[in-house]
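For reference, the structure is listed below as structure tokens.
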Amino acid sequence: MRSARSTALPATAAAAAALVLLTGTSPGPAGAAAVAPDVRAPAERFVPGACPETTEPVAALDHARCGFLEVPENRSHPGRTIRLPVAVIPAASGKPAPDPLVYMAGGPGGDAFDDIPFLVDAGLNRDRDLIVMAQRGNLHAQPNLACPEMDRSSAGAVGLRYDDPSARRLLVDAAKQCRARLAAAGIDLSAYNTGENAADFAALRTALGIRQWNVYAYSYGTNLALTYLREHPSGVRAMALDSVTPPQTVTLPWTWSSAREGIDTILRACAAEPACGSRYPDVARTLTEQVRKLEAHPLTLDAAAPGGGKPVKVVLDGGTLVNLLVANSVPAADVPAALDELARGHPERFARARAADARPAVGRTAHGLTESVACGEWVPGHGQSEVLAAGHKAFPGWPDTVLAQAPQLPFQYDVCRVWKVPDRSAAQRLAASGPVPTLLVSGTFDAKTGASWGARTADGLSRSTVVRIPGIGHFVVPQSPCAQRVLASFLARPTSPDTGCVADLKPKPFTIVPK
């Protein structure tokens, strides 16, 4: 989602492994101008080439075989061709399984190649090759639908109230500028949607000559994976979904139910832990009080941003506080302490977290894909009043000014009025079903995609296994050794994975600060 940042995870890549079947190269410098290539070669083919030049070194790419998938930009109106970078990272095992694992990244608009160190460290290429492809429009793809205008607008909003009209104007003007620039480059923004995205992965399997593969997807990638399963089920041996975002359910009002579930679970876990419950006995009440207080009387202060430099002016109001919690900008283990400190006049933890938004990685996120998906698939059919009603249901008594904007997606209706893509909700909001073995993994502290949605999504999947990992937020597998063992067992035995390690899990202890 637009305002979310990457989960803070260790970025150590695993050692290099054996080579695989492709050769390998670069789409050009990251952040290059978004120019839609006017290529009219035969559609849907793999072209060997070099691996992308990533912003940070990715050791696993040193021994990967890379290239591009060439596909039509718009399959309904064939003509222009786009190029999607692909990397096949070899299995660490000397005797890999014949069915590789393909990764579908989150976002929409997130950089799949940036996730490779997390995936390798989690063992996803231990027994089989790992295939990573940038989704259409993303960093390293041609065209790249980055919107540096929107990155800079988000940075500028750090010194404003969350729902400030000036923040709205900054964001909407930036979206309008980005859209105009992309359209002037000949890019068909209506073609950057989940259906075309899913068809790209189906084309990749065919182009690589793979009879059968497995899918691992995270966050928006699970929405994509379920769409893929619904529309292109052939060749899917097994599917693992991490932080589940069901396509039939995702709308702006839906975001409030996940926010409530994740935040409530963190606060209840504190109450259940003797040390936390004793030190912070009324943490839920403290949260409500601070949301109301900050919304009525915002704090303005200077805070240190990551990487040093001049302190950043930040404004903390109720909307900002809620969104920092949803984004996991303050680690869950620190939330009760941070709320207690805030109530005692020490807002530094939240201020530092907000200041981080003033240093965005400009050009890294493909906002063009984000907005095309959000405006075509999530926004239609539900108005602003329904977002507010969902907010009231989730957090009764909180101010309307806090609840009027969907978490992580402020001013989305205003953005969509200038983004102007077709309504795809009828084609997209459909549940997947069928016999493909499916593992659904959720973190109980996830306030972006609530853990209960794993079980709800499994209803139509006849051979599904649902796992909830206590004390983990968004993007579970890289953060949980137990989840990694469950996934490895699932890939080895999709219909009977070993989930035994889950029973003994407990959240890590909460931070306790002296009174």
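Chain identifiers are assigned as A, B, and so on, following the order in which chains appear in the structure tokens; residues are numbered from 1 within each chain, and ligands are numbered from 1 in order of appearance.
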For this session: Could you give me, as a ChimeraX atom specification, the residues within 12 Å of A:Thr499, counting only C-alpha atoms and dropping anything in the same chain fewer than 5 positions from it?
Result: /A:439-441,465-469,481-490,493-494,504-505
Just N, CA, C and O atoms for this one: save the residues we selected as a short mmCIF file (atom, residue, chain, number, x, y, z; two decimals), in the first residue's frame.
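Output file selection.cif is given in full below:
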data_model
loop_
_atom_site.label_atom_id
_atom_site.label_comp_id
_atom_site.auth_asym_id
_atom_site.auth_seq_id
_atom_site.Cartn_x
_atom_site.Cartn_y
_atom_site.Cartn_z
N LEU A 439 -1.09 -23.41 1.43
CA LEU A 439 -0.70 -23.05 2.79
C LEU A 439 -0.96 -21.57 2.97
O LEU A 439 -0.50 -20.75 2.18
N LEU A 440 -1.70 -21.21 4.01
CA LEU A 440 -2.01 -19.81 4.30
C LEU A 440 -1.38 -19.45 5.65
O LEU A 440 -1.77 -20.00 6.69
N VAL A 441 -0.40 -18.57 5.63
CA VAL A 441 0.38 -18.21 6.82
C VAL A 441 0.10 -16.75 7.17
O VAL A 441 0.23 -15.87 6.32
N THR A 465 -4.14 -25.58 4.35
CA THR A 465 -3.62 -25.62 5.71
C THR A 465 -3.44 -24.18 6.17
O THR A 465 -2.79 -23.39 5.48
N VAL A 466 -4.04 -23.83 7.30
CA VAL A 466 -4.00 -22.46 7.82
C VAL A 466 -3.10 -22.43 9.05
O VAL A 466 -3.26 -23.24 9.98
N VAL A 467 -2.16 -21.49 9.06
CA VAL A 467 -1.21 -21.37 10.16
C VAL A 467 -1.17 -19.92 10.61
O VAL A 467 -1.04 -19.01 9.79
N ARG A 468 -1.27 -19.71 11.92
CA ARG A 468 -1.15 -18.38 12.52
C ARG A 468 0.09 -18.37 13.40
O ARG A 468 0.20 -19.19 14.32
N ILE A 469 1.00 -17.45 13.12
CA ILE A 469 2.26 -17.36 13.87
C ILE A 469 2.14 -16.24 14.90
O ILE A 469 2.04 -15.06 14.55
N PRO A 481 11.50 -18.56 12.10
CA PRO A 481 12.09 -19.87 11.78
C PRO A 481 11.04 -20.99 11.75
O PRO A 481 11.16 -21.91 10.94
N CYS A 482 10.04 -20.90 12.62
CA CYS A 482 8.99 -21.92 12.61
C CYS A 482 8.22 -21.87 11.30
O CYS A 482 7.97 -22.90 10.67
N ALA A 483 7.85 -20.67 10.86
CA ALA A 483 7.14 -20.55 9.58
C ALA A 483 7.99 -21.07 8.43
O ALA A 483 7.48 -21.66 7.48
N GLN A 484 9.29 -20.87 8.52
CA GLN A 484 10.19 -21.39 7.48
C GLN A 484 10.17 -22.92 7.46
O GLN A 484 10.16 -23.53 6.38
N ARG A 485 10.14 -23.52 8.64
CA ARG A 485 10.08 -25.00 8.70
C ARG A 485 8.74 -25.51 8.17
O ARG A 485 8.69 -26.51 7.46
N VAL A 486 7.68 -24.81 8.51
CA VAL A 486 6.36 -25.21 8.00
C VAL A 486 6.33 -25.12 6.48
O VAL A 486 5.83 -26.03 5.80
N LEU A 487 6.86 -24.04 5.93
CA LEU A 487 6.87 -23.88 4.48
C LEU A 487 7.70 -24.97 3.81
O LEU A 487 7.28 -25.54 2.79
N ALA A 488 8.87 -25.27 4.36
CA ALA A 488 9.70 -26.32 3.77
C ALA A 488 8.99 -27.66 3.80
O ALA A 488 9.02 -28.43 2.83
N SER A 489 8.30 -27.94 4.91
CA SER A 489 7.55 -29.20 5.02
C SER A 489 6.40 -29.21 4.02
O SER A 489 6.13 -30.25 3.39
N PHE A 490 5.74 -28.09 3.85
CA PHE A 490 4.64 -28.00 2.90
C PHE A 490 5.11 -28.24 1.48
O PHE A 490 4.46 -28.96 0.70
N ARG A 493 5.72 -31.92 1.23
CA ARG A 493 4.50 -32.72 1.33
C ARG A 493 3.30 -31.78 1.37
O ARG A 493 2.78 -31.47 2.45
N PRO A 494 2.84 -31.30 0.25
CA PRO A 494 1.83 -30.24 0.24
C PRO A 494 0.52 -30.58 0.93
O PRO A 494 -0.17 -29.68 1.43
N ASP A 504 4.05 -24.28 20.23
CA ASP A 504 4.86 -23.78 21.35
C ASP A 504 5.28 -22.32 21.20
O ASP A 504 6.02 -21.80 22.04
N LEU A 505 4.83 -21.66 20.16
CA LEU A 505 5.26 -20.29 19.92
C LEU A 505 4.55 -19.30 20.84
O LEU A 505 3.37 -19.44 21.13
#
For this session: Give me every alpha helix (DSSP H) residue in stretch 127-228 of chain A, going by DSSP on the backbone, as a PyMOL selection string.
Result: chain A and resi 148-156+165-184+194-207+220-228
For this session: Going by DSSP on the backbone, which bits of stretch 275-494 of chain A are strand (DSSP E)? Write them as a list in words, please.
Result: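 So, restricting stretch 275-494 of chain A to strand (DSSP E), we get Leu299, Thr300, Leu301, Asp302, Ala303, Val312, Lys313, Val314, Val315, Leu316, Thr438, Leu439, Leu440, Val441, Ser442, Gly443, Ser464, Thr465, Val466, Val467, Arg468 and Ile469 of chain A.
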Exercise. Excluding same-chain residues fewer than 4 positions from A:Ile512, what lies within 12 Å of it counting only C-alpha atoms, as a list in words?
Worked result: Cys270, Glu273, Pro274, Ala275, Cys276, Gly277, Ser278, Arg279, Tyr280, Ala333, Asp334, Val335, Pro336, Ala337, Ala338, Leu339, Asp340 and Glu341 of chain A
Problem set entry | Within 6 Å of A:Ala141 using only C-alpha atoms, minus same-chain residues under 6 positions, as a list in words |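 After dropping sequence-adjacent residues, the list is Arg83, Leu84 and Pro85 of chain A.
With only C-alpha atoms as the atoms that count, the minimum distance from A:Gly186 to the choices A:Cys501, A:Val158, A:Ala203, A:Leu145 is reached by A:Leu145.
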For this session: For A:Pro98, please output as a ChimeraX atom specification all residues within 10 Å (counting only C-alpha atoms; exclusion window: fewer than 3 positions along the same chain).
Result: /A:95,101,127-129,210-213
Exercise. Within 12 Å of A:Leu252, counting only C-alpha atoms, which residues qualify if same-chain residues fewer than 2 places away don't, as a PyMOL selection string?
Worked result: chain A and resi 1+249-250+254-259+374-375+377-391+403-413+448
For this session: Go through A:Ala238, A:Gly460, A:Pro298, A:Pro509 one by one, measure the shortest atom-to-atom distance of each to A:Pro497 using only C-alpha atoms, and give the residue with the smallest value.
Result: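 Closest residue, counting only C-alpha atoms: A:Ala238.
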For this session: Mind giving me the straight-line distance from atom CA of A:Ala64 to atom CA of A:Ile89 in Å, one decimal?
Result: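 Computing it gives 4.6 Å between the two atoms.
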Per-residue nearest contacts of stretch 427-493 of chain A to stretch 187-201 of chain A (12 Å; only C-alpha atoms) as CSV:
residue,atom,partner,partner_atom,distance
A:Ala427,CA,A:Gly195,CA,8.4
A:Gln428,CA,A:Gly195,CA,7.4
A:Arg429,CA,A:Thr194,CA,10.7
A:Leu430,CA,A:Gly195,CA,11.5
For this session: Please provide the set of residues having any atom within 6 Å of stretch 344-356 of chain A, restricted to only C-alpha atoms, with same-chain residues fewer than 6 positions apart removed, written as an MDAnalysis selection string.
Result: chainID A and resid 303:306 329
Would you put the residues from that selection into a file with N, CA and C atoms, as a tab-separated table (two decimals), in the first residue's frame?
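Once written, again02.tsv looks like this:
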chain	number	residue	atom	x	y	z
A	303	ALA	N	12.68	15.81	14.89
A	303	ALA	CA	13.09	14.44	15.20
A	303	ALA	C	14.20	14.02	14.26
A	304	ALA	N	15.06	13.16	14.77
A	304	ALA	CA	16.16	12.64	13.95
A	304	ALA	C	15.62	11.62	12.95
A	305	ALA	N	16.07	11.75	11.71
A	305	ALA	CA	15.68	10.80	10.67
A	305	ALA	C	16.78	9.75	10.51
A	306	PRO	N	16.44	8.56	10.02
A	306	PRO	CA	17.46	7.54	9.78
A	306	PRO	C	18.56	8.06	8.85
A	329	SER	N	5.69	0.73	12.08
A	329	SER	CA	6.83	1.63	12.12
A	329	SER	C	7.50	1.64	13.49
For this session: Work out how far apart atom CA of A:Gly49 and atom CA of A:Gly110 are and give it in Å to one decimal.
Result: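 That distance, rounded to one decimal, is 22.1 Å.
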